[in-house]
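As stored in final.pdb (PDB, C-alpha atoms and all ligand atoms):
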```pdb
ATOM      1  CA  MET S  24       0.000   0.000   0.000  1.00  0.00           C
ATOM      2  CA  VAL S  25       1.579   3.263  -1.151  1.00  0.00           C
ATOM      3  CA  VAL S  26       1.297   5.988   1.478  1.00  0.00           C
ATOM      4  CA  PRO S  27       1.636   9.302  -0.328  1.00  0.00           C
ATOM      5  CA  ASP S  28       3.782  12.040   1.167  1.00  0.00           C
ATOM      6  CA  VAL S  29       1.154  14.784   1.308  1.00  0.00           C
ATOM      7  CA  ASN S  30       2.245  18.292   2.302  1.00  0.00           C
ATOM      8  CA  VAL S  31      -0.575  20.815   2.675  1.00  0.00           C
ATOM      9  CA  ILE S  32       1.105  24.219   2.525  1.00  0.00           C
ATOM     10  CA  ALA S  33      -0.234  27.772   2.564  1.00  0.00           C
ATOM     11  CA  THR S  34      -0.548  29.037  -0.985  1.00  0.00           C
ATOM     12  CA  ASP S  35       1.941  31.853  -0.508  1.00  0.00           C
ATOM     13  CA  GLU S  36       4.490  29.448   0.994  1.00  0.00           C
ATOM     14  CA  LEU S  37       4.106  26.610  -1.481  1.00  0.00           C
ATOM     15  CA  ALA S  38       6.533  27.793  -4.165  1.00  0.00           C
ATOM     16  CA  LEU S  39       9.293  28.389  -1.618  1.00  0.00           C
ATOM     17  CA  ARG S  40       8.758  25.012   0.045  1.00  0.00           C
ATOM     18  CA  ALA S  41       8.601  23.159  -3.268  1.00  0.00           C
ATOM     19  CA  ALA S  42      11.810  24.865  -4.411  1.00  0.00           C
ATOM     20  CA  GLU S  43      13.435  23.812  -1.143  1.00  0.00           C
ATOM     21  CA  LYS S  44      12.361  20.201  -1.767  1.00  0.00           C
ATOM     22  CA  ILE S  45      13.668  20.256  -5.338  1.00  0.00           C
ATOM     23  CA  ALA S  46      17.018  21.709  -4.257  1.00  0.00           C
ATOM     24  CA  GLU S  47      17.320  19.131  -1.486  1.00  0.00           C
ATOM     25  CA  THR S  48      16.545  16.280  -3.870  1.00  0.00           C
ATOM     26  CA  LEU S  49      19.037  17.487  -6.475  1.00  0.00           C
ATOM     27  CA  ARG S  50      21.748  17.842  -3.819  1.00  0.00           C
ATOM     28  CA  LYS S  51      21.123  14.319  -2.528  1.00  0.00           C
ATOM     29  CA  VAL S  52      21.372  12.879  -6.036  1.00  0.00           C
ATOM     30  CA  THR S  53      24.613  14.720  -6.826  1.00  0.00           C
ATOM     31  CA  GLU S  54      26.181  13.426  -3.627  1.00  0.00           C
ATOM     32  CA  VAL S  55      26.242   9.981  -5.233  1.00  0.00           C
ATOM     33  CA  GLU S  56      25.800  10.590  -8.993  1.00  0.00           C
ATOM     34  CA  GLU S  57      27.772  12.586 -11.537  1.00  0.00           C
ATOM     35  CA  ARG S  58      24.627  14.407 -12.601  1.00  0.00           C
ATOM     36  CA  ALA S  59      21.016  14.938 -11.493  1.00  0.00           C
ATOM     37  CA  CYS S  60      18.369  14.579 -14.193  1.00  0.00           C
ATOM     38  CA  LEU S  61      15.321  16.756 -13.546  1.00  0.00           C
ATOM     39  CA  ALA S  62      12.113  16.784 -15.613  1.00  0.00           C
ATOM     40  CA  LEU S  63       9.986  19.910 -15.432  1.00  0.00           C
ATOM     41  CA  ALA S  64       6.215  20.162 -15.483  1.00  0.00           C
ATOM     42  CA  GLY S  65       4.329  22.411 -17.821  1.00  0.00           C
ATOM     43  CA  GLY S  66       1.327  24.630 -17.331  1.00  0.00           C
ATOM     44  CA  THR S  67       1.227  27.636 -15.021  1.00  0.00           C
ATOM     45  CA  THR S  68       1.721  26.316 -11.488  1.00  0.00           C
ATOM     46  CA  PRO S  69       5.458  25.623 -11.842  1.00  0.00           C
ATOM     47  CA  ARG S  70       6.324  29.202 -12.821  1.00  0.00           C
ATOM     48  CA  ARG S  71       6.540  30.513  -9.249  1.00  0.00           C
ATOM     49  CA  VAL S  72       8.336  27.350  -8.128  1.00  0.00           C
ATOM     50  CA  HIS S  73      10.941  27.876 -10.857  1.00  0.00           C
ATOM     51  CA  GLU S  74      11.404  31.498  -9.784  1.00  0.00           C
ATOM     52  CA  ALA S  75      11.874  30.418  -6.160  1.00  0.00           C
ATOM     53  CA  LEU S  76      14.311  27.714  -7.269  1.00  0.00           C
ATOM     54  CA  ALA S  77      16.281  30.242  -9.322  1.00  0.00           C
ATOM     55  CA  ALA S  78      16.598  32.465  -6.247  1.00  0.00           C
ATOM     56  CA  ARG S  79      18.248  29.730  -4.175  1.00  0.00           C
ATOM     57  CA  THR S  80      22.007  29.453  -3.775  1.00  0.00           C
ATOM     58  CA  ASP S  81      22.095  25.768  -2.797  1.00  0.00           C
ATOM     59  CA  VAL S  82      21.249  24.093  -6.114  1.00  0.00           C
ATOM     60  CA  PRO S  83      24.135  22.161  -7.755  1.00  0.00           C
ATOM     61  CA  TRP S  84      23.353  23.636 -11.194  1.00  0.00           C
ATOM     62  CA  PRO S  85      26.655  22.577 -12.863  1.00  0.00           C
ATOM     63  CA  LEU S  86      25.587  18.951 -12.285  1.00  0.00           C
ATOM     64  CA  VAL S  87      21.919  19.304 -13.244  1.00  0.00           C
ATOM     65  CA  HIS S  88      20.432  18.289 -16.589  1.00  0.00           C
ATOM     66  CA  VAL S  89      16.894  19.477 -17.330  1.00  0.00           C
ATOM     67  CA  TYR S  90      14.276  17.639 -19.362  1.00  0.00           C
ATOM     68  CA  PHE S  91      10.561  18.180 -20.004  1.00  0.00           C
ATOM     69  CA  GLY S  92       7.847  15.885 -18.668  1.00  0.00           C
ATOM     70  CA  ASP S  93       5.733  17.008 -21.577  1.00  0.00           C
ATOM     71  CA  GLU S  94       5.679  19.699 -24.228  1.00  0.00           C
ATOM     72  CA  ARG S  95       3.025  21.217 -26.404  1.00  0.00           C
ATOM     73  CA  CYS S  96       3.538  20.877 -30.173  1.00  0.00           C
ATOM     74  CA  VAL S  97       4.162  24.573 -30.719  1.00  0.00           C
ATOM     75  CA  ALA S  98       7.236  26.667 -31.430  1.00  0.00           C
ATOM     76  CA  PRO S  99       9.571  27.109 -28.441  1.00  0.00           C
ATOM     77  CA  ASP S 100       8.792  30.831 -28.325  1.00  0.00           C
ATOM     78  CA  HIS S 101       5.020  30.282 -28.470  1.00  0.00           C
ATOM     79  CA  PRO S 102       3.050  31.495 -25.417  1.00  0.00           C
ATOM     80  CA  ASP S 103       1.834  27.907 -24.864  1.00  0.00           C
ATOM     81  CA  SER S 104       5.349  26.427 -24.925  1.00  0.00           C
ATOM     82  CA  ASN S 105       6.440  24.778 -21.680  1.00  0.00           C
ATOM     83  CA  TYR S 106      10.025  25.456 -22.759  1.00  0.00           C
ATOM     84  CA  ARG S 107       9.254  29.172 -23.039  1.00  0.00           C
ATOM     85  CA  MET S 108       7.741  29.195 -19.538  1.00  0.00           C
ATOM     86  CA  ALA S 109      10.785  27.385 -18.136  1.00  0.00           C
ATOM     87  CA  LYS S 110      13.165  29.701 -19.991  1.00  0.00           C
ATOM     88  CA  GLU S 111      11.490  32.823 -18.609  1.00  0.00           C
ATOM     89  CA  SER S 112      11.103  31.523 -15.034  1.00  0.00           C
ATOM     90  CA  LEU S 113      14.268  29.442 -14.644  1.00  0.00           C
ATOM     91  CA  PHE S 114      16.805  29.075 -17.467  1.00  0.00           C
ATOM     92  CA  ASP S 115      17.300  32.822 -17.902  1.00  0.00           C
ATOM     93  CA  ARG S 116      17.972  33.124 -14.163  1.00  0.00           C
ATOM     94  CA  VAL S 117      20.462  30.350 -13.382  1.00  0.00           C
ATOM     95  CA  ALA S 118      23.838  29.121 -14.644  1.00  0.00           C
ATOM     96  CA  LEU S 119      22.701  26.261 -16.884  1.00  0.00           C
ATOM     97  CA  SER S 120      24.599  25.821 -20.149  1.00  0.00           C
ATOM     98  CA  PRO S 121      22.615  24.967 -23.307  1.00  0.00           C
ATOM     99  CA  SER S 122      24.120  21.471 -23.138  1.00  0.00           C
ATOM    100  CA  GLN S 123      22.332  20.948 -19.837  1.00  0.00           C
ATOM    101  CA  ILE S 124      18.878  21.864 -21.158  1.00  0.00           C
ATOM    102  CA  HIS S 125      17.212  19.169 -23.245  1.00  0.00           C
ATOM    103  CA  ARG S 126      14.207  20.531 -25.152  1.00  0.00           C
ATOM    104  CA  PRO S 127      11.964  18.181 -27.119  1.00  0.00           C
ATOM    105  CA  SER S 128      11.581  19.327 -30.737  1.00  0.00           C
ATOM    106  CA  ALA S 129       7.820  19.280 -30.329  1.00  0.00           C
ATOM    107  CA  GLU S 130       7.367  21.840 -33.080  1.00  0.00           C
ATOM    108  CA  LEU S 131       8.367  19.310 -35.757  1.00  0.00           C
ATOM    109  CA  LEU S 132       5.581  18.084 -38.013  1.00  0.00           C
ATOM    110  CA  ASP S 133       6.626  14.456 -37.543  1.00  0.00           C
ATOM    111  CA  ARG S 134       5.690  14.252 -33.884  1.00  0.00           C
ATOM    112  CA  ASP S 135       6.415  10.534 -33.623  1.00  0.00           C
ATOM    113  CA  ALA S 136       9.957  11.058 -34.881  1.00  0.00           C
ATOM    114  CA  ALA S 137      10.354  13.981 -32.470  1.00  0.00           C
ATOM    115  CA  ALA S 138       9.215  11.807 -29.561  1.00  0.00           C
ATOM    116  CA  ARG S 139      11.563   9.004 -30.554  1.00  0.00           C
ATOM    117  CA  ALA S 140      14.486  11.407 -30.906  1.00  0.00           C
ATOM    118  CA  TYR S 141      13.771  12.835 -27.477  1.00  0.00           C
ATOM    119  CA  GLU S 142      13.411   9.412 -25.898  1.00  0.00           C
ATOM    120  CA  ALA S 143      16.878   8.552 -27.238  1.00  0.00           C
ATOM    121  CA  LEU S 144      18.417  11.357 -25.178  1.00  0.00           C
ATOM    122  CA  LEU S 145      16.483  10.683 -21.993  1.00  0.00           C
ATOM    123  CA  PRO S 146      18.625   9.181 -19.209  1.00  0.00           C
ATOM    124  CA  ALA S 147      17.887   5.579 -18.237  1.00  0.00           C
ATOM    125  CA  ARG S 148      16.170   7.023 -15.184  1.00  0.00           C
ATOM    126  CA  LEU S 149      15.023  10.523 -14.346  1.00  0.00           C
ATOM    127  CA  ASP S 150      16.008  11.419 -10.797  1.00  0.00           C
ATOM    128  CA  LEU S 151      13.129  13.820 -10.175  1.00  0.00           C
ATOM    129  CA  ILE S 152      10.002  14.496 -12.218  1.00  0.00           C
ATOM    130  CA  ILE S 153       7.987  17.561 -11.289  1.00  0.00           C
ATOM    131  CA  LEU S 154       4.322  17.133 -12.205  1.00  0.00           C
ATOM    132  CA  GLY S 155       1.133  19.117 -12.243  1.00  0.00           C
ATOM    133  CA  ILE S 156      -2.434  17.870 -12.132  1.00  0.00           C
ATOM    134  CA  GLY S 157      -5.346  18.888 -14.299  1.00  0.00           C
ATOM    135  CA  GLU S 158      -8.907  19.313 -13.090  1.00  0.00           C
ATOM    136  CA  ASP S 159      -9.740  16.138 -15.048  1.00  0.00           C
ATOM    137  CA  GLY S 160      -7.011  14.261 -13.190  1.00  0.00           C
ATOM    138  CA  HIS S 161      -4.415  14.264 -15.972  1.00  0.00           C
ATOM    139  CA  THR S 162      -0.727  14.653 -15.305  1.00  0.00           C
ATOM    140  CA  ALA S 163       2.014  15.505 -17.776  1.00  0.00           C
ATOM    141  CA  SER S 164       0.050  14.990 -20.987  1.00  0.00           C
ATOM    142  CA  LEU S 165      -1.442  11.702 -19.862  1.00  0.00           C
ATOM    143  CA  PHE S 166      -5.173  12.360 -20.068  1.00  0.00           C
ATOM    144  CA  PRO S 167      -8.056  10.195 -18.790  1.00  0.00           C
ATOM    145  CA  GLY S 168      -8.861   7.336 -21.157  1.00  0.00           C
ATOM    146  CA  SER S 169      -5.846   8.015 -23.370  1.00  0.00           C
ATOM    147  CA  PRO S 170      -4.207   5.079 -25.182  1.00  0.00           C
ATOM    148  CA  ALA S 171      -0.938   6.563 -23.893  1.00  0.00           C
ATOM    149  CA  LEU S 172      -1.830   5.145 -20.487  1.00  0.00           C
ATOM    150  CA  ASN S 173      -1.366   1.642 -21.938  1.00  0.00           C
ATOM    151  CA  GLU S 174       2.105   2.342 -23.332  1.00  0.00           C
ATOM    152  CA  ARG S 175       4.583  -0.001 -21.686  1.00  0.00           C
ATOM    153  CA  GLU S 176       7.607   0.160 -24.017  1.00  0.00           C
ATOM    154  CA  ARG S 177       8.203   3.756 -25.123  1.00  0.00           C
ATOM    155  CA  ARG S 178       9.067   6.455 -22.568  1.00  0.00           C
ATOM    156  CA  TYR S 179       8.096   9.492 -24.663  1.00  0.00           C
ATOM    157  CA  ILE S 180       5.239   9.572 -27.165  1.00  0.00           C
ATOM    158  CA  PRO S 181       3.001  11.956 -29.103  1.00  0.00           C
ATOM    159  CA  VAL S 182      -0.568  12.367 -27.883  1.00  0.00           C
ATOM    160  CA  VAL S 183      -3.659  14.409 -28.680  1.00  0.00           C
ATOM    161  CA  GLY S 184      -5.419  15.623 -25.569  1.00  0.00           C
ATOM    162  CA  PRO S 185      -8.477  17.670 -24.575  1.00  0.00           C
ATOM    163  CA  LYS S 186      -6.451  20.485 -22.996  1.00  0.00           C
ATOM    164  CA  PRO S 187      -5.444  23.057 -25.610  1.00  0.00           C
ATOM    165  CA  PRO S 188      -3.138  22.954 -27.384  1.00  0.00           C
ATOM    166  CA  PRO S 189      -4.181  19.361 -28.063  1.00  0.00           C
ATOM    167  CA  GLU S 190      -1.064  18.001 -29.760  1.00  0.00           C
ATOM    168  CA  ARG S 191       1.696  17.189 -27.289  1.00  0.00           C
ATOM    169  CA  LEU S 192       4.645  14.952 -26.495  1.00  0.00           C
ATOM    170  CA  THR S 193       4.696  13.311 -23.081  1.00  0.00           C
ATOM    171  CA  LEU S 194       6.472  10.972 -20.718  1.00  0.00           C
ATOM    172  CA  THR S 195       4.651   7.662 -20.447  1.00  0.00           C
ATOM    173  CA  PRO S 196       3.703   5.593 -17.376  1.00  0.00           C
ATOM    174  CA  PRO S 197       6.939   3.521 -17.495  1.00  0.00           C
ATOM    175  CA  ALA S 198       8.962   6.753 -17.345  1.00  0.00           C
ATOM    176  CA  LEU S 199       6.999   7.915 -14.306  1.00  0.00           C
ATOM    177  CA  GLU S 200       7.250   4.510 -12.657  1.00  0.00           C
ATOM    178  CA  THR S 201      11.043   4.328 -12.979  1.00  0.00           C
ATOM    179  CA  ALA S 202      11.768   7.895 -11.836  1.00  0.00           C
ATOM    180  CA  GLY S 203      13.790   8.277  -8.657  1.00  0.00           C
ATOM    181  CA  ALA S 204      11.306  10.752  -7.212  1.00  0.00           C
ATOM    182  CA  LEU S 205       8.077  12.494  -8.171  1.00  0.00           C
ATOM    183  CA  LEU S 206       6.960  15.918  -6.959  1.00  0.00           C
ATOM    184  CA  MET S 207       3.326  16.828  -7.620  1.00  0.00           C
ATOM    185  CA  LEU S 208       2.260  20.483  -7.389  1.00  0.00           C
ATOM    186  CA  ALA S 209      -1.394  21.477  -6.966  1.00  0.00           C
ATOM    187  CA  VAL S 210      -2.860  24.869  -6.153  1.00  0.00           C
ATOM    188  CA  GLY S 211      -6.465  26.001  -6.040  1.00  0.00           C
ATOM    189  CA  ALA S 212      -9.929  24.617  -5.359  1.00  0.00           C
ATOM    190  CA  GLY S 213     -10.296  23.667  -9.003  1.00  0.00           C
ATOM    191  CA  LYS S 214      -7.849  20.822  -8.393  1.00  0.00           C
ATOM    192  CA  ALA S 215      -9.492  19.539  -5.176  1.00  0.00           C
ATOM    193  CA  ASP S 216     -11.618  16.840  -6.801  1.00  0.00           C
ATOM    194  CA  ALA S 217      -8.744  15.552  -8.933  1.00  0.00           C
ATOM    195  CA  VAL S 218      -6.377  15.577  -5.948  1.00  0.00           C
ATOM    196  CA  ALA S 219      -8.845  13.621  -3.825  1.00  0.00           C
ATOM    197  CA  ARG S 220      -9.386  11.055  -6.605  1.00  0.00           C
ATOM    198  CA  ALA S 221      -5.648  10.803  -7.196  1.00  0.00           C
ATOM    199  CA  LEU S 222      -4.704  10.307  -3.558  1.00  0.00           C
ATOM    200  CA  GLU S 223      -7.741   8.636  -2.001  1.00  0.00           C
ATOM    201  CA  GLY S 224      -9.820   7.246  -4.865  1.00  0.00           C
ATOM    202  CA  SER S 225      -9.913   3.583  -5.825  1.00  0.00           C
ATOM    203  CA  TRP S 226      -6.989   2.675  -8.054  1.00  0.00           C
ATOM    204  CA  ASP S 227      -7.904   3.527 -11.649  1.00  0.00           C
ATOM    205  CA  PRO S 228      -5.136   5.418 -13.503  1.00  0.00           C
ATOM    206  CA  GLN S 229      -7.141   5.165 -16.726  1.00  0.00           C
ATOM    207  CA  ALA S 230      -9.703   7.480 -15.149  1.00  0.00           C
ATOM    208  CA  THR S 231      -7.278   9.495 -12.998  1.00  0.00           C
ATOM    209  CA  PRO S 232      -3.783   9.345 -14.521  1.00  0.00           C
ATOM    210  CA  SER S 233      -2.311  11.479 -11.714  1.00  0.00           C
ATOM    211  CA  GLN S 234      -2.699   8.382  -9.514  1.00  0.00           C
ATOM    212  CA  LEU S 235       0.569   7.377 -11.207  1.00  0.00           C
ATOM    213  CA  ALA S 236       2.182   9.991  -8.926  1.00  0.00           C
ATOM    214  CA  ARG S 237       0.583   8.569  -5.774  1.00  0.00           C
ATOM    215  CA  ARG S 238       4.009   7.335  -4.582  1.00  0.00           C
ATOM    216  CA  GLY S 239       5.494  10.811  -4.878  1.00  0.00           C
ATOM    217  CA  SER S 240       5.631  13.909  -2.718  1.00  0.00           C
ATOM    218  CA  TRP S 241       2.575  16.110  -3.061  1.00  0.00           C
ATOM    219  CA  PHE S 242       2.859  19.830  -2.356  1.00  0.00           C
ATOM    220  CA  ILE S 243      -0.672  21.187  -2.341  1.00  0.00           C
ATOM    221  CA  ASP S 244      -2.346  24.253  -0.926  1.00  0.00           C
ATOM    222  CA  PRO S 245      -5.360  24.065   1.426  1.00  0.00           C
ATOM    223  CA  ALA S 246      -7.833  24.727  -1.393  1.00  0.00           C
ATOM    224  CA  ALA S 247      -6.460  21.874  -3.502  1.00  0.00           C
ATOM    225  CA  ALA S 248      -6.526  19.666  -0.381  1.00  0.00           C
ATOM    226  CA  GLY S 249     -10.104  20.689   0.383  1.00  0.00           C
ATOM    227  CA  LEU S 250     -11.695  17.319  -0.418  1.00  0.00           C
ATOM    228  CA  LEU S 251      -9.036  15.107   1.130  1.00  0.00           C
ATOM    229  CA  VAL S 252     -10.267  13.068   4.054  1.00  0.00           C
ATOM    230  CA  GLY S 253      -6.796  12.134   5.247  1.00  0.00           C
ATOM    231  CA  ALA S 254      -5.416  15.673   5.336  1.00  0.00           C
ATOM    232  CA  ARG S 255      -7.925  17.048   7.835  1.00  0.00           C
TER     233      ARG S 255
HETATM  234  C1  LIG S 301       0.840  20.798 -19.494  1.00  0.00           C
HETATM  235  C2  LIG S 301       1.173  20.221 -18.151  1.00  0.00           C
HETATM  236  C3  LIG S 301      -0.047  19.732 -17.457  1.00  0.00           C
HETATM  237  C4  LIG S 301      -0.204  20.657 -16.273  1.00  0.00           C
HETATM  238  C5  LIG S 301      -1.565  20.547 -15.648  1.00  0.00           C
HETATM  239  C6  LIG S 301      -1.749  21.657 -14.609  1.00  0.00           C
HETATM  240  O1  LIG S 301       1.747  20.902 -20.324  1.00  0.00           O
HETATM  241  O2  LIG S 301      -0.321  21.211 -19.674  1.00  0.00           O
HETATM  242  O3  LIG S 301       2.199  19.390 -18.112  1.00  0.00           O
HETATM  243  O4  LIG S 301       0.014  18.416 -16.995  1.00  0.00           O
HETATM  244  O5  LIG S 301       0.798  20.345 -15.310  1.00  0.00           O
HETATM  245  O6  LIG S 301      -2.539  20.679 -16.664  1.00  0.00           O
HETATM  246  O7  LIG S 301      -1.654  22.881 -15.280  1.00  0.00           O
HETATM  247  P1  LIG S 301      -1.694  24.272 -14.448  1.00  0.00           P
HETATM  248  O8  LIG S 301      -0.446  24.298 -13.614  1.00  0.00           O
HETATM  249  O9  LIG S 301      -1.711  25.337 -15.490  1.00  0.00           O
HETATM  250  O10 LIG S 301      -2.946  24.218 -13.600  1.00  0.00           O
END
```
Reformat the file's structure so that it appears as structure tokens.
Ligand code: 6PG
Amino acid sequence: MVVPDVNVIATDELALRAAEKIAETLRKVTEVEERACLALAGGTTPRRVHEALAARTDVPWPLVHVYFGDERCVAPDHPDSNYRMAKESLFDRVALSPSQIHRPSAELLDRDAAARAYEALLPARLDLIILGIGEDGHTASLFPGSPALNERERRYIPVVGPKPPPERLTLTPPALETAGALLMLAVGAGKADAVARALEGSWDPQATPSQLARRGSWFIDPAAAGLLVGAR
């Protein structure tokens, strides 16, 4: 029985505490490994966490390699690009060389080839995957009922999802399952139902893909925790 590590944190403290957790995890990895491989989440929630992470002085950036848990199939300077959000909130603020930032070429027309090329440069195991959760219970770009949830061989694949923009590349369940650590971020009452289903609902990742992060650390604000029985 997986007992999730659930941290209910005041909204205005959550970014700082999540950044602290990320820095701590990266330091622990680099104590025993030559590099720490971090996958970022997309969407809007991570922005403030990235900014808080960039403000810290205890992150072993020279040893960190950054990947993307998912990416929208748009140009890297498009407003919907997860790379653009990460560049603005993190890469432009810390000492990461271009060789340490691994962006999926999600803008290419041949999305399957782009996914395969990206999979080829993924490490055998990601040390930390940061994730977000959608109101429908998706995580990364693994959406409820998606065939991607049945993928057991490939670690990065193209999908079409209900959240615009629909065409995306995403880590698959095997990639999440083999990661060293998972950090789920959730803020706001809109996520409360999905968080409760993910953490306390009967096991059904087809319906609630974010259950795949149940073994991880969850950093959620009181509103997102509002329907949890266990957190009261
Ligand atoms: C994406 C994300 C997605 C996101 C959730 C939450 O590219 O859309 O990877 O999984 O994390 O939809 O998004 P918000 O943080 O914007 O609520």
Could you produce a table of the residues of chain S lying within 8 Å of ligand LIG 301 (chain S), with the nearest pair of atoms per residue and their separation in Å rounded to one decimal, using all atoms listed in the file, ordered by chain and increasing residue number, as JSON lines?
```
{"residue": "S:Ala64", "atom": "CA", "partner": "S:LIG301", "partner_atom": "O3", "distance": 4.9}
{"residue": "S:Gly65", "atom": "CA", "partner": "S:LIG301", "partner_atom": "O3", "distance": 3.7}
{"residue": "S:Gly66", "atom": "CA", "partner": "S:LIG301", "partner_atom": "O9", "distance": 3.6}
{"residue": "S:Thr67", "atom": "CA", "partner": "S:LIG301", "partner_atom": "O9", "distance": 3.8}
{"residue": "S:Thr68", "atom": "CA", "partner": "S:LIG301", "partner_atom": "O8", "distance": 3.6}
{"residue": "S:Pro69", "atom": "CA", "partner": "S:LIG301", "partner_atom": "O8", "distance": 6.3}
{"residue": "S:Gly92", "atom": "CA", "partner": "S:LIG301", "partner_atom": "O3", "distance": 6.7}
{"residue": "S:Asp93", "atom": "CA", "partner": "S:LIG301", "partner_atom": "O3", "distance": 5.5}
{"residue": "S:Glu94", "atom": "CA", "partner": "S:LIG301", "partner_atom": "O1", "distance": 5.7}
{"residue": "S:Arg95", "atom": "CA", "partner": "S:LIG301", "partner_atom": "O1", "distance": 6.2}
{"residue": "S:Asn105", "atom": "CA", "partner": "S:LIG301", "partner_atom": "O1", "distance": 6.2}
{"residue": "S:Leu154", "atom": "CA", "partner": "S:LIG301", "partner_atom": "O5", "distance": 5.7}
{"residue": "S:Gly155", "atom": "CA", "partner": "S:LIG301", "partner_atom": "O5", "distance": 3.3}
{"residue": "S:Ile156", "atom": "CA", "partner": "S:LIG301", "partner_atom": "C5", "distance": 4.5}
{"residue": "S:Gly157", "atom": "CA", "partner": "S:LIG301", "partner_atom": "O6", "distance": 4.1}
{"residue": "S:Glu158", "atom": "CA", "partner": "S:LIG301", "partner_atom": "O6", "distance": 7.4}
{"residue": "S:His161", "atom": "CA", "partner": "S:LIG301", "partner_atom": "O4", "distance": 6.2}
{"residue": "S:Thr162", "atom": "CA", "partner": "S:LIG301", "partner_atom": "O4", "distance": 4.2}
{"residue": "S:Ala163", "atom": "CA", "partner": "S:LIG301", "partner_atom": "O4", "distance": 3.6}
{"residue": "S:Ser164", "atom": "CA", "partner": "S:LIG301", "partner_atom": "O4", "distance": 5.3}
{"residue": "S:Leu165", "atom": "CA", "partner": "S:LIG301", "partner_atom": "O4", "distance": 7.4}
{"residue": "S:Lys186", "atom": "CA", "partner": "S:LIG301", "partner_atom": "O2", "distance": 7.0}
{"residue": "S:Arg191", "atom": "CA", "partner": "S:LIG301", "partner_atom": "O1", "distance": 7.9}
{"residue": "S:Leu208", "atom": "CA", "partner": "S:LIG301", "partner_atom": "O8", "distance": 7.8}
{"residue": "S:Ala209", "atom": "CA", "partner": "S:LIG301", "partner_atom": "O8", "distance": 7.3}
{"residue": "S:Val210", "atom": "CA", "partner": "S:LIG301", "partner_atom": "O10", "distance": 7.5}
{"residue": "S:Lys214", "atom": "CA", "partner": "S:LIG301", "partner_atom": "O10", "distance": 7.9}
```
All residues 9 Å or closer to Leu149 of chain S, only C-alpha atoms, same chain fewer than 5 positions away omitted, as a ChimeraX atom specification: /S:59-62,90,198-199,201-204
Do you have, as CSV, the list of residues of segment 167-202 of chain S lying at most 7 Å from segment 224-231 of chain S, each with its nearest atom pair and that distance in Å to one decimal, counting all atoms listed in the file and ordered by chain then number?
```
residue,atom,partner,partner_atom,distance
S:Pro167,CA,S:Ala230,CA,4.8
S:Gly168,CA,S:Gln229,CA,5.2
S:Leu172,CA,S:Gln229,CA,6.5
```
Kindly assemble as a Markdown table a list of the segment 88-114 of chain S residues that lie within 9 Å of segment 131-134 of chain S, each paired with its nearest atom pair and their distance in Å to one decimal, using only C-alpha atoms, sorted first by chain and then by ascending residue number.
```
| residue | atom | partner | partner_atom | distance |
| --- | --- | --- | --- | --- |
| S:Cys96 | CA | S:Leu131 | CA | 7.5 |
| S:Val97 | CA | S:Leu131 | CA | 8.4 |
| S:Ala98 | CA | S:Leu131 | CA | 8.6 |
```
For the residues selected in the previous step, produce a file with C-alpha atoms as a PDB file, in the frame of the given file.
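To be explicit, this is the file written out as selection-v7.pdb:
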```pdb
ATOM      1  CA  CYS S  96       3.538  20.877 -30.173  1.00  0.00           C
ATOM      2  CA  VAL S  97       4.162  24.573 -30.719  1.00  0.00           C
ATOM      3  CA  ALA S  98       7.236  26.667 -31.430  1.00  0.00           C
TER       4      ALA S  98
END
```
Tell me which protein, DNA and RNA residues are within 12 Å of Val89 of chain S, counting only C-alpha atoms, leaving out same-chain ones fewer than 2 positions away, and put them as a short mmCIF file (atom, residue, chain, number, x, y, z; two decimals) with C-alpha atoms, in the coordinates of the input.
```
data_model
loop_
_atom_site.label_atom_id
_atom_site.label_comp_id
_atom_site.auth_asym_id
_atom_site.auth_seq_id
_atom_site.Cartn_x
_atom_site.Cartn_y
_atom_site.Cartn_z
CA LEU S 49 19.04 17.49 -6.48
CA ARG S 58 24.63 14.41 -12.60
CA ALA S 59 21.02 14.94 -11.49
CA CYS S 60 18.37 14.58 -14.19
CA LEU S 61 15.32 16.76 -13.55
CA ALA S 62 12.11 16.78 -15.61
CA LEU S 63 9.99 19.91 -15.43
CA ALA S 64 6.22 20.16 -15.48
CA TRP S 84 23.35 23.64 -11.19
CA PRO S 85 26.66 22.58 -12.86
CA LEU S 86 25.59 18.95 -12.28
CA VAL S 87 21.92 19.30 -13.24
CA PHE S 91 10.56 18.18 -20.00
CA GLY S 92 7.85 15.88 -18.67
CA TYR S 106 10.02 25.46 -22.76
CA ALA S 109 10.78 27.38 -18.14
CA LYS S 110 13.16 29.70 -19.99
CA LEU S 113 14.27 29.44 -14.64
CA PHE S 114 16.80 29.08 -17.47
CA LEU S 119 22.70 26.26 -16.88
CA SER S 120 24.60 25.82 -20.15
CA PRO S 121 22.62 24.97 -23.31
CA SER S 122 24.12 21.47 -23.14
CA GLN S 123 22.33 20.95 -19.84
CA ILE S 124 18.88 21.86 -21.16
CA HIS S 125 17.21 19.17 -23.24
CA ARG S 126 14.21 20.53 -25.15
CA PRO S 127 11.96 18.18 -27.12
CA LEU S 144 18.42 11.36 -25.18
CA LEU S 145 16.48 10.68 -21.99
CA PRO S 146 18.62 9.18 -19.21
CA LEU S 149 15.02 10.52 -14.35
CA ASP S 150 16.01 11.42 -10.80
CA LEU S 151 13.13 13.82 -10.18
CA ILE S 152 10.00 14.50 -12.22
CA ILE S 153 7.99 17.56 -11.29
#
```
Residues matched by the PyMOL selection byres (((chain S and resi 240) around 10) and not hetatm) as a PyMOL selection string: chain S and resi 26-30+41+44+153+204-208+236-239+241-243
Using all atoms listed in the file: which of S:Ala212, S:Leu37, S:Val31, S:Ala246 has the shortest distance to Arg71 of chain S: S:Leu37
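Atom to atom, atom CA of Leu250 of chain S and atom CA of Gly211 of chain S stand 11.6 Å apart.
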Interatomic distance, atom CA of Ala137 of chain S to atom CA of Arg177 of chain S (Å, one decimal): 12.8 Å
